[in-house]
$ cat work39.cif   # mmCIF, C-alpha atoms
data_start
#
loop_
_atom_site.label_atom_id
_atom_site.label_comp_id
_atom_site.auth_asym_id
_atom_site.auth_seq_id
_atom_site.Cartn_x
_atom_site.Cartn_y
_atom_site.Cartn_z
CA MET E 30 -32.00 -1.92 -18.24
CA SER E 31 -28.33 -2.82 -18.19
CA ALA E 32 -27.30 -6.46 -18.43
CA LEU E 33 -26.19 -6.36 -14.80
CA LEU E 34 -29.53 -5.04 -13.54
CA GLY E 35 -31.25 -7.72 -15.61
CA HIS E 36 -29.14 -10.42 -13.96
CA ILE E 37 -29.85 -8.94 -10.52
CA ALA E 38 -33.59 -9.07 -11.30
CA ARG E 39 -33.26 -12.75 -12.27
CA PHE E 40 -31.26 -13.39 -9.09
CA ARG E 41 -34.12 -11.88 -7.07
CA ALA E 42 -36.52 -14.16 -8.90
CA GLY E 43 -34.47 -17.13 -7.67
CA ASP E 44 -32.04 -17.75 -10.56
CA ALA E 45 -28.52 -16.87 -9.35
CA ALA E 46 -26.57 -18.60 -12.14
CA PRO E 47 -26.64 -15.78 -14.76
CA LEU E 48 -25.39 -13.19 -12.23
CA LEU E 49 -22.58 -15.45 -10.96
CA GLU E 50 -21.63 -16.24 -14.55
CA TYR E 51 -21.68 -12.54 -15.49
CA ILE E 52 -19.22 -11.46 -12.78
CA PRO E 53 -15.76 -12.62 -13.92
CA TYR E 54 -14.28 -12.83 -10.42
CA THR E 55 -17.02 -15.06 -8.94
CA ARG E 56 -16.52 -17.30 -12.00
CA PHE E 57 -12.74 -17.29 -11.38
CA LEU E 58 -13.31 -18.38 -7.77
CA GLY E 59 -15.92 -20.95 -8.80
CA MET E 60 -18.41 -19.53 -6.33
CA SER E 61 -22.08 -20.49 -6.29
CA VAL E 62 -25.08 -19.51 -4.21
CA GLY E 63 -27.81 -21.53 -2.49
CA LEU E 64 -30.87 -20.71 -0.41
CA GLU E 65 -31.66 -22.01 3.05
CA ASN E 66 -34.76 -20.79 4.92
CA ASP E 67 -34.89 -17.78 2.60
CA ALA E 68 -31.28 -16.83 3.43
CA ILE E 69 -28.36 -16.88 1.01
CA VAL E 70 -25.63 -19.48 1.48
CA GLY E 71 -22.47 -18.63 -0.43
CA GLN E 72 -20.61 -21.73 -1.58
CA LEU E 73 -16.96 -22.02 -2.53
CA PRO E 74 -16.16 -25.53 -3.76
CA PHE E 75 -12.55 -26.47 -3.13
CA ALA E 76 -10.20 -25.94 -6.06
CA GLU E 77 -6.42 -26.11 -6.23
CA HIS E 78 -6.05 -22.48 -7.35
CA LEU E 79 -7.59 -21.26 -4.05
CA VAL E 80 -4.71 -22.61 -1.96
CA GLY E 81 -2.63 -20.03 -0.08
CA ASN E 82 -0.32 -22.34 1.83
CA PRO E 83 0.68 -25.47 -0.09
CA LEU E 84 2.65 -26.83 2.89
CA LEU E 85 -0.24 -27.10 5.37
CA PRO E 86 -2.19 -27.04 2.99
CA ALA E 87 -4.71 -24.22 3.56
CA LEU E 88 -6.98 -21.90 1.62
CA HIS E 89 -5.70 -18.38 0.88
CA GLY E 90 -7.12 -15.76 3.26
CA GLY E 91 -8.05 -13.63 0.26
CA THR E 92 -10.38 -16.32 -1.12
CA VAL E 93 -12.19 -16.59 2.22
CA ALA E 94 -12.47 -12.78 2.38
CA ALA E 95 -13.91 -12.74 -1.15
CA LEU E 96 -16.49 -15.42 -0.23
CA LEU E 97 -17.53 -13.43 2.88
CA GLU E 98 -17.78 -10.12 0.99
CA SER E 99 -19.67 -11.65 -1.96
CA THR E 100 -22.09 -13.49 0.32
CA ALA E 101 -22.78 -10.19 2.12
CA VAL E 102 -23.57 -8.51 -1.23
CA PHE E 103 -25.84 -11.36 -2.36
CA GLN E 104 -27.72 -11.40 0.96
CA LEU E 105 -28.22 -7.65 0.68
CA LEU E 106 -29.54 -7.89 -2.89
CA TRP E 107 -31.78 -10.81 -1.93
CA GLN E 108 -33.24 -9.33 1.22
CA HIS E 109 -33.66 -5.72 0.16
CA ALA E 110 -35.19 -5.17 -3.25
CA SER E 111 -34.47 -1.45 -3.07
CA VAL E 112 -30.71 -1.89 -2.85
CA VAL E 113 -28.89 -1.32 -6.13
CA LEU E 114 -25.16 -1.80 -6.62
CA PRO E 115 -23.83 -1.52 -3.07
CA LYS E 116 -20.19 -0.38 -2.87
CA THR E 117 -17.90 -1.85 -0.24
CA ILE E 118 -16.58 0.84 2.13
CA ASN E 119 -14.55 -1.54 4.24
CA ILE E 120 -14.25 -5.12 5.37
CA THR E 121 -12.68 -6.51 8.53
CA VAL E 122 -11.99 -10.22 8.44
CA GLN E 123 -11.18 -12.23 11.54
CA TYR E 124 -9.47 -15.53 10.75
CA LEU E 125 -10.41 -18.09 13.38
CA ARG E 126 -9.22 -21.41 12.01
CA THR E 127 -7.19 -22.74 9.12
CA GLY E 128 -9.28 -23.00 5.97
CA ARG E 129 -8.79 -26.62 4.99
CA THR E 130 -8.73 -27.86 1.40
CA GLU E 131 -12.44 -28.60 1.32
CA ASN E 132 -15.71 -26.86 0.43
CA THR E 133 -16.43 -23.61 2.26
CA TYR E 134 -19.80 -21.98 2.96
CA ALA E 135 -20.86 -18.54 4.20
CA GLN E 136 -23.93 -16.72 5.43
CA ALA E 137 -24.50 -13.05 6.12
CA THR E 138 -26.79 -11.10 8.45
CA ILE E 139 -27.70 -7.48 7.92
CA THR E 140 -27.12 -5.80 11.26
CA LYS E 141 -28.10 -2.27 10.22
CA LEU E 142 -29.79 -0.93 7.09
CA GLY E 143 -29.54 2.83 6.92
CA ARG E 144 -30.41 5.22 4.11
CA ARG E 145 -26.86 5.38 2.86
CA VAL E 146 -24.86 2.77 4.74
CA VAL E 147 -25.47 -0.89 5.48
CA ALA E 148 -23.59 -2.95 8.08
CA VAL E 149 -23.39 -6.70 7.50
CA HIS E 150 -21.92 -9.52 9.56
CA ALA E 151 -20.79 -12.63 7.69
CA ARG E 152 -19.37 -15.98 8.77
CA ALA E 153 -17.71 -18.82 6.88
CA TRP E 154 -17.48 -22.46 7.84
CA GLN E 155 -16.47 -25.81 6.39
CA GLN E 156 -17.73 -29.19 7.67
CA GLU E 157 -19.06 -27.93 10.98
CA ARG E 158 -21.26 -24.88 10.88
CA GLU E 159 -20.66 -24.27 14.58
CA ARG E 160 -16.91 -23.97 14.05
CA PRO E 161 -16.51 -20.93 11.80
CA ILE E 162 -13.18 -20.52 10.02
CA ALA E 163 -13.65 -16.76 9.61
CA THR E 164 -16.08 -13.94 10.31
CA ALA E 165 -16.31 -10.48 8.78
CA VAL E 166 -17.91 -7.12 9.35
CA VAL E 167 -18.61 -5.30 6.08
CA HIS E 168 -19.91 -1.76 5.47
CA PHE E 169 -21.55 -0.88 2.17
CA LEU E 170 -22.44 2.47 0.69
CA LEU E 171 -25.72 2.34 -1.18
CA GLY E 172 -25.57 3.53 -4.77
CA ARG E 173 -27.87 5.99 -6.48
CA GLY E 174 -31.24 4.42 -7.01
CA SER E 175 -31.11 2.67 -3.66
CA ALA E 176 -33.97 3.86 -1.53
CA GLY E 177 -33.09 2.39 1.85
CA GLY E 178 -36.09 0.26 2.60
CA GLN E 179 -38.98 2.03 0.85
CA THR E 180 -39.79 -0.86 -1.44
CA GLU E 181 -38.88 -3.76 0.81
CA ARG E 182 -40.42 -7.09 0.14
CA ARG E 183 -38.44 -9.05 2.72
CA GLY E 184 -36.84 -8.59 6.10
CA GLU E 185 -37.49 -6.18 8.90
CA GLY E 186 -34.92 -3.54 7.95
CA GLU E 187 -36.18 0.03 8.31
CA PRO E 188 -34.47 3.13 6.99
CA SER E 189 -32.83 5.13 9.74
CA MET Q 10 23.56 -11.93 16.25
CA VAL Q 11 22.93 -12.47 12.57
CA ASP Q 12 24.06 -9.73 10.24
CA GLU Q 13 20.98 -7.74 9.12
CA THR Q 14 21.96 -7.64 5.43
CA GLU Q 15 22.47 -11.38 5.52
CA ARG Q 16 19.12 -11.93 7.27
CA VAL Q 17 17.24 -9.79 4.71
CA ALA Q 18 18.91 -11.62 1.81
CA ARG Q 19 18.10 -15.02 3.31
CA MET Q 20 14.49 -14.14 4.14
CA ARG Q 21 14.00 -12.66 0.67
CA GLN Q 22 15.23 -15.86 -0.93
CA ILE Q 23 13.25 -18.27 1.26
CA SER Q 24 10.02 -16.31 1.27
CA ARG Q 25 10.20 -15.67 -2.47
CA ALA Q 26 10.47 -19.40 -3.08
CA PHE Q 27 7.43 -19.92 -0.85
CA MET Q 28 5.35 -17.06 -2.31
CA GLU Q 29 6.00 -18.19 -5.87
CA HIS Q 30 4.68 -21.66 -5.07
CA VAL Q 31 1.39 -20.45 -3.63
CA PRO Q 32 -1.26 -21.66 -6.11
CA HIS Q 33 -3.56 -18.68 -5.47
CA HIS Q 34 -0.75 -16.18 -6.16
CA ARG Q 35 -0.01 -17.96 -9.43
CA ALA Q 36 -3.71 -17.96 -10.34
CA LEU Q 37 -3.92 -14.21 -9.66
CA GLY Q 38 -0.61 -13.49 -11.37
CA ILE Q 39 0.76 -11.71 -8.27
CA GLU Q 40 4.42 -10.70 -8.67
CA TRP Q 41 6.72 -9.87 -5.77
CA VAL Q 42 8.57 -6.86 -7.10
CA HIS Q 43 10.51 -5.62 -4.06
CA ALA Q 44 11.55 -6.80 -0.60
CA GLU Q 45 13.62 -5.15 2.10
CA ALA Q 46 13.71 -5.34 5.90
CA ALA Q 47 10.06 -5.53 7.10
CA VAL Q 48 8.82 -4.19 3.73
CA SER Q 49 7.25 -5.87 0.73
CA VAL Q 50 5.96 -4.54 -2.61
CA MET Q 51 3.73 -6.71 -4.82
CA ARG Q 52 2.01 -6.18 -8.16
CA LEU Q 53 -1.31 -7.52 -9.39
CA PRO Q 54 -1.54 -7.23 -13.18
CA TYR Q 55 -4.93 -6.20 -14.55
CA GLN Q 56 -6.80 -9.22 -15.87
CA ASP Q 57 -10.33 -9.52 -17.26
CA LYS Q 58 -10.96 -12.63 -15.14
CA LEU Q 59 -10.54 -10.59 -11.92
CA VAL Q 60 -13.20 -8.00 -12.74
CA GLY Q 61 -15.99 -7.55 -10.18
CA HIS Q 62 -18.11 -5.07 -12.13
CA PRO Q 63 -18.30 -6.03 -15.82
CA GLU Q 64 -19.78 -2.70 -16.93
CA THR Q 65 -16.94 -0.58 -15.52
CA GLY Q 66 -14.14 -3.16 -15.69
CA VAL Q 67 -13.19 -2.46 -12.07
CA LEU Q 68 -11.37 -5.27 -10.23
CA HIS Q 69 -13.30 -7.22 -7.58
CA GLY Q 70 -12.56 -6.35 -3.95
CA GLY Q 71 -11.63 -9.99 -3.37
CA ALA Q 72 -8.64 -9.73 -5.72
CA ILE Q 73 -7.46 -6.61 -3.87
CA SER Q 74 -8.00 -8.43 -0.53
CA ALA Q 75 -5.83 -11.33 -1.67
CA LEU Q 76 -3.09 -8.92 -2.83
CA LEU Q 77 -3.10 -6.96 0.46
CA ASP Q 78 -3.16 -10.15 2.54
CA ALA Q 79 -0.25 -11.65 0.57
CA CYS Q 80 1.80 -8.44 0.63
CA SER Q 81 1.23 -7.90 4.38
CA GLY Q 82 2.23 -11.50 5.13
CA ALA Q 83 5.38 -11.09 3.04
CA ALA Q 84 6.29 -7.94 5.03
CA VAL Q 85 6.05 -10.03 8.22
CA PHE Q 86 8.37 -12.64 6.67
CA MET Q 87 10.80 -9.81 5.86
CA ALA Q 88 10.78 -8.76 9.53
CA LEU Q 89 11.32 -12.25 10.98
CA PRO Q 90 14.72 -13.43 12.21
CA GLU Q 91 14.16 -16.78 10.53
CA ILE Q 92 11.44 -18.52 8.57
CA THR Q 93 8.47 -19.70 10.58
CA ARG Q 94 4.76 -20.29 10.05
CA ILE Q 95 2.57 -17.22 10.14
CA ALA Q 96 -1.23 -17.01 10.18
CA THR Q 97 -3.44 -13.98 9.55
CA LEU Q 98 -5.41 -13.10 12.70
CA ASP Q 99 -7.33 -10.24 11.16
CA LEU Q 100 -7.17 -7.87 8.26
CA ARG Q 101 -9.16 -4.67 7.85
CA ILE Q 102 -9.35 -3.11 4.41
CA ASP Q 103 -10.71 0.36 3.61
CA TYR Q 104 -11.63 0.78 -0.06
CA LEU Q 105 -10.83 4.45 -0.64
CA ARG Q 106 -11.68 4.67 -4.33
CA PRO Q 107 -12.23 2.21 -7.19
CA ALA Q 108 -9.16 0.89 -8.97
CA THR Q 109 -8.87 2.19 -12.53
CA ALA Q 110 -9.82 -0.40 -15.15
CA LYS Q 111 -7.00 -1.91 -17.24
CA ARG Q 112 -4.28 -0.81 -14.80
CA ALA Q 113 -2.10 -2.98 -12.56
CA VAL Q 114 -2.46 -2.52 -8.80
CA LEU Q 115 0.60 -2.31 -6.57
CA ALA Q 116 0.71 -2.92 -2.83
CA ARG Q 117 3.35 -1.81 -0.36
CA ALA Q 118 3.29 -3.34 3.12
CA HIS Q 119 5.30 -2.57 6.23
CA CYS Q 120 5.50 -4.78 9.30
CA TYR Q 121 5.91 -1.84 11.67
CA ARG Q 122 6.06 -3.90 14.85
CA LEU Q 123 7.10 -7.47 15.43
CA SER Q 124 6.61 -8.88 18.91
CA ARG Q 125 7.39 -12.38 20.07
CA SER Q 126 3.94 -13.61 18.97
CA ILE Q 127 2.47 -11.00 16.64
CA GLY Q 128 3.41 -9.05 13.52
CA PHE Q 129 1.52 -5.76 13.03
CA THR Q 130 1.21 -4.54 9.44
CA ARG Q 131 0.07 -1.60 7.37
CA CYS Q 132 -0.41 -1.94 3.64
CA VAL Q 133 -1.43 0.47 0.90
CA ALA Q 134 -2.72 -0.37 -2.60
CA TYR Q 135 -2.10 2.13 -5.42
CA HIS Q 136 -1.52 2.49 -9.15
CA ASP Q 137 1.64 4.56 -9.41
CA ASP Q 138 1.68 6.95 -6.46
CA VAL Q 139 1.79 5.42 -3.00
CA ASP Q 140 0.36 8.73 -1.67
CA ASP Q 141 -2.74 8.37 -3.83
CA PRO Q 142 -4.11 5.11 -2.43
CA ILE Q 143 -6.88 2.86 -3.75
CA ALA Q 144 -7.12 0.89 -0.51
CA MET Q 145 -5.48 0.75 2.91
CA ALA Q 146 -5.16 -2.31 5.13
CA VAL Q 147 -4.07 -2.97 8.69
CA GLY Q 148 -3.43 -6.52 9.77
CA THR Q 149 -2.16 -8.69 12.58
CA PHE Q 150 -0.35 -11.96 11.99
CA MET Q 151 0.43 -14.66 14.50
CA ARG Q 152 3.91 -16.12 14.26
CA SER Q 153 5.05 -19.51 15.51
CA PRO Q 154 8.01 -19.34 17.89
CA THR Q 155 11.48 -19.67 16.40
CA VAL Q 156 14.69 -20.88 18.03
CA SER Q 157 16.05 -17.36 18.56
CA ASP Q 158 12.79 -16.29 20.28
CA THR Q 159 13.28 -18.83 23.02
CA ALA Q 160 16.73 -17.49 23.89
CA PRO Q 161 16.57 -15.81 27.32
CA SER Q 162 17.79 -12.42 26.02
CA ALA Q 163 15.03 -12.23 23.39
CA ALA Q 164 12.36 -13.28 25.88
CA ALA Q 165 13.46 -10.65 28.38
CA GLU Q 166 13.11 -7.84 25.83
CA GLU Q 167 9.47 -8.55 25.23
CA GLY Q 168 6.78 -6.90 27.27
CA GLY Q 169 3.13 -6.06 26.79
CA SER Q 170 0.33 -8.37 25.83
CA ALA Q 171 1.23 -9.10 22.23
#

$ encode --input "work39.cif" --output "structure tokens"
Amino acid sequence: MSALLGHIARFRAGDAAPLLEYIPYTRFLGMSVGLENDAIVGQLPFAEHLVGNPLLPALHGGTVAALLESTAVFQLLWQHASVVLPKTINITVQYLRTGRTENTYAQATITKLGRRVVAVHARAWQQERERPIATAVVHFLLGRGSAGGQTERRGEGEPS
Amino acid sequence: MVDETERVARMRQISRAFMEHVPHHRALGIEWVHAEAAVSVMRLPYQDKLVGHPETGVLHGGAISALLDACSGAAVFMALPEITRIATLDLRIDYLRPATAKRAVLARAHCYRLSRSIGFTRCVAYHDDVDDPIAMAVGTFMRSPTVSDTAPSAAAEEGGSA
């Protein structure tokens, strides 16, 4: 088993830290992951290097996009044990409000799990969950070894 | 009517000063390598800290997102008559193939339409051939009104919903 697959297995057992530590970019962002009612909450603590507009100031759109995309991946890995190494096909981010210089959170919902493609909707918020700062639609292509739902242990997703 | 060459030179100078002071651009090491009217070219050097897949060394999509967002925004600046606040409304990115490990990624953005309120952009990410893309992005940016926009002649030119 590769180191990455080992970290994914530990993540599925409830220990996200080794996986987040193993991926250089999530370490660079300072991202962490929590659980709430068996759903992943991506967390991006505020840091100066995430600022995209020093005059406002505001978070960089790219950091919010990265939080949304990563949260979608983590939710997918958490909810569907059969999914291995999903590849992002595309992401559409809608920016709704200025990302202030404070902690940001994100959650993702799998809207469609097919044999080869998964569609995920993600949203990010800051102090008020009901006032999202951005939402995203992400499509993933499932890698070899993914078996679209045959060994599910969570969720209601069925292969199409 | 401001001379176009003069406008481009002024916008290049002002927006470069802004872009270079963006903490996230500094953290990513993004360089602004070229700017002309409504066009921007940026470079993201390969760095181990930006890797998304440690076993292949491929850059994380988030780093590419930040590059395309920044480059598209800069193209809007290069289309504007004068400096004003802009905000990304949406950005769609298609990842066409993985970036090659250890190689810098370039992005070239064009603001192909600027209305009174909105800048519409296309942006392509590539290694050395713009016709062999790694990723493609389309975006829309909201612009705050500027003094010249409120002149009656400029307002009369604008139609449509944007």

$ closest_residue --input "work39.cif" --among "Q:Leu59, Q:Val147, Q:Val114, Q:Val17" --to "chain E" --atoms "only C-alpha atoms"
Q:Leu59

$ closest_residue --input "work39.cif" --among "Q:Asp12, Q:Glu64, Q:Asp138, Q:Glu45" --to "chain E" --atoms "all atoms listed in the file"
Q:Glu64

$ atom_distance --input "work39.cif" --atom1 "atom CA of Leu123 of chain Q" --atom2 "atom CA of Thr149 of chain Q"
9.8 Å

$ atom_distance --input "work39.cif" --atom1 "atom CA of Arg39 of chain E" --atom2 "atom CA of Tyr104 of chain Q"
28.3 Å

$ residues_around --input "work39.cif" --residues "Thr133 of chain E" --least-positions-apart "5" --cutoff "9 Å" --atoms "only C-alpha atoms" --output "list of chain:residue names"
E:Gly71, E:Gln72, E:Leu73, E:Pro74, E:Phe75, E:Val93, E:Leu96, E:Gly128, E:Ala153, E:Trp154, E:Gln155, E:Gln156, E:Ile162

$ resolve_selection --input "work39.cif" --expression "the PyMOL selection byres ((chain Q) within 10 of (chain E))" --output "MDAnalysis selection string"
chainID Q and resid 27:28 30:37 56:64 66 68:79 94 96:107 144:150

$ atom_distance --input "work39.cif" --atom1 "atom CA of Cys132 of chain Q" --atom2 "atom CA of Arg117 of chain Q"
5.5 Å

$ closest_residue --input "work39.cif" --among "Q:Leu115, Q:Val42, Q:Ala47, Q:Phe86" --to "Asp141 of chain Q" --atoms "all atoms listed in the file"
Q:Leu115

$ build_atoms --input "work39.cif" --residues "segment 107-134 of chain Q" --atoms "N, CA and C atoms" --output "mmCIF file, in the coordinates of the input"
data_model
loop_
_atom_site.group_PDB
_atom_site.id
_atom_site.type_symbol
_atom_site.label_atom_id
_atom_site.label_comp_id
_atom_site.auth_asym_id
_atom_site.auth_seq_id
_atom_site.Cartn_x
_atom_site.Cartn_y
_atom_site.Cartn_z
ATOM 1 N N PRO Q 107 -12.348 3.392 -6.319
ATOM 2 C CA PRO Q 107 -12.230 2.210 -7.190
ATOM 3 C C PRO Q 107 -10.890 2.203 -7.919
ATOM 4 N N ALA Q 108 -10.355 1.020 -8.135
ATOM 5 C CA ALA Q 108 -9.160 0.890 -8.970
ATOM 6 C C ALA Q 108 -9.557 1.275 -10.396
ATOM 7 N N THR Q 109 -8.594 1.833 -11.142
ATOM 8 C CA THR Q 109 -8.870 2.190 -12.530
ATOM 9 C C THR Q 109 -8.784 0.940 -13.405
ATOM 10 N N ALA Q 110 -9.789 0.770 -14.277
ATOM 11 C CA ALA Q 110 -9.820 -0.400 -15.150
ATOM 12 C C ALA Q 110 -8.560 -0.442 -16.024
ATOM 13 N N LYS Q 111 -8.128 -1.636 -16.328
ATOM 14 C CA LYS Q 111 -7.000 -1.910 -17.240
ATOM 15 C C LYS Q 111 -5.624 -1.567 -16.655
ATOM 16 N N ARG Q 112 -5.582 -1.155 -15.386
ATOM 17 C CA ARG Q 112 -4.280 -0.810 -14.800
ATOM 18 C C ARG Q 112 -3.900 -1.781 -13.692
ATOM 19 N N ALA Q 113 -2.607 -2.101 -13.621
ATOM 20 C CA ALA Q 113 -2.100 -2.980 -12.560
ATOM 21 C C ALA Q 113 -2.241 -2.282 -11.207
ATOM 22 N N VAL Q 114 -2.399 -3.064 -10.163
ATOM 23 C CA VAL Q 114 -2.460 -2.520 -8.800
ATOM 24 C C VAL Q 114 -1.192 -2.958 -8.057
ATOM 25 N N LEU Q 115 -0.557 -1.998 -7.396
ATOM 26 C CA LEU Q 115 0.600 -2.310 -6.570
ATOM 27 C C LEU Q 115 0.210 -2.265 -5.104
ATOM 28 N N ALA Q 116 0.932 -2.983 -4.276
ATOM 29 C CA ALA Q 116 0.710 -2.920 -2.830
ATOM 30 C C ALA Q 116 2.063 -2.817 -2.156
ATOM 31 N N ARG Q 117 2.123 -1.948 -1.151
ATOM 32 C CA ARG Q 117 3.350 -1.810 -0.360
ATOM 33 C C ARG Q 117 2.996 -2.030 1.095
ATOM 34 N N ALA Q 118 3.611 -3.010 1.727
ATOM 35 C CA ALA Q 118 3.290 -3.340 3.120
ATOM 36 C C ALA Q 118 4.512 -3.148 3.996
ATOM 37 N N HIS Q 119 4.243 -2.751 5.238
ATOM 38 C CA HIS Q 119 5.300 -2.570 6.230
ATOM 39 C C HIS Q 119 4.887 -3.293 7.508
ATOM 40 N N CYS Q 120 5.738 -4.160 7.992
ATOM 41 C CA CYS Q 120 5.500 -4.780 9.300
ATOM 42 C C CYS Q 120 6.155 -3.841 10.307
ATOM 43 N N TYR Q 121 5.345 -2.948 10.881
ATOM 44 C CA TYR Q 121 5.910 -1.840 11.670
ATOM 45 C C TYR Q 121 6.188 -2.217 13.120
ATOM 46 N N ARG Q 122 5.739 -3.415 13.501
ATOM 47 C CA ARG Q 122 6.060 -3.900 14.850
ATOM 48 C C ARG Q 122 6.014 -5.424 14.824
ATOM 49 N N LEU Q 123 7.064 -6.025 15.332
ATOM 50 C CA LEU Q 123 7.100 -7.470 15.430
ATOM 51 C C LEU Q 123 7.364 -7.823 16.886
ATOM 52 N N SER Q 124 6.385 -8.441 17.530
ATOM 53 C CA SER Q 124 6.610 -8.880 18.910
ATOM 54 C C SER Q 124 6.897 -10.377 18.870
ATOM 55 N N ARG Q 125 7.054 -10.966 20.027
ATOM 56 C CA ARG Q 125 7.390 -12.380 20.070
ATOM 57 C C ARG Q 125 6.305 -13.226 19.401
ATOM 58 N N SER Q 126 5.039 -12.809 19.520
ATOM 59 C CA SER Q 126 3.940 -13.610 18.970
ATOM 60 C C SER Q 126 3.274 -13.003 17.751
ATOM 61 N N ILE Q 127 3.318 -11.677 17.620
ATOM 62 C CA ILE Q 127 2.470 -11.000 16.640
ATOM 63 C C ILE Q 127 3.266 -10.064 15.739
ATOM 64 N N GLY Q 128 2.903 -10.056 14.442
ATOM 65 C CA GLY Q 128 3.410 -9.050 13.520
ATOM 66 C C GLY Q 128 2.274 -8.094 13.198
ATOM 67 N N PHE Q 129 2.533 -6.787 13.307
ATOM 68 C CA PHE Q 129 1.520 -5.760 13.030
ATOM 69 C C PHE Q 129 1.871 -5.107 11.694
ATOM 70 N N THR Q 130 0.904 -5.050 10.786
ATOM 71 C CA THR Q 130 1.210 -4.540 9.440
ATOM 72 C C THR Q 130 0.297 -3.402 9.007
ATOM 73 N N ARG Q 131 0.846 -2.584 8.115
ATOM 74 C CA ARG Q 131 0.070 -1.600 7.370
ATOM 75 C C ARG Q 131 0.380 -1.846 5.908
ATOM 76 N N CYS Q 132 -0.637 -1.687 5.058
ATOM 77 C CA CYS Q 132 -0.410 -1.940 3.640
ATOM 78 C C CYS Q 132 -1.251 -0.976 2.820
ATOM 79 N N VAL Q 133 -0.699 -0.464 1.755
ATOM 80 C CA VAL Q 133 -1.430 0.470 0.900
ATOM 81 C C VAL Q 133 -1.431 -0.055 -0.533
ATOM 82 N N ALA Q 134 -2.603 0.029 -1.188
ATOM 83 C CA ALA Q 134 -2.720 -0.370 -2.600
ATOM 84 C C ALA Q 134 -2.833 0.897 -3.440
#
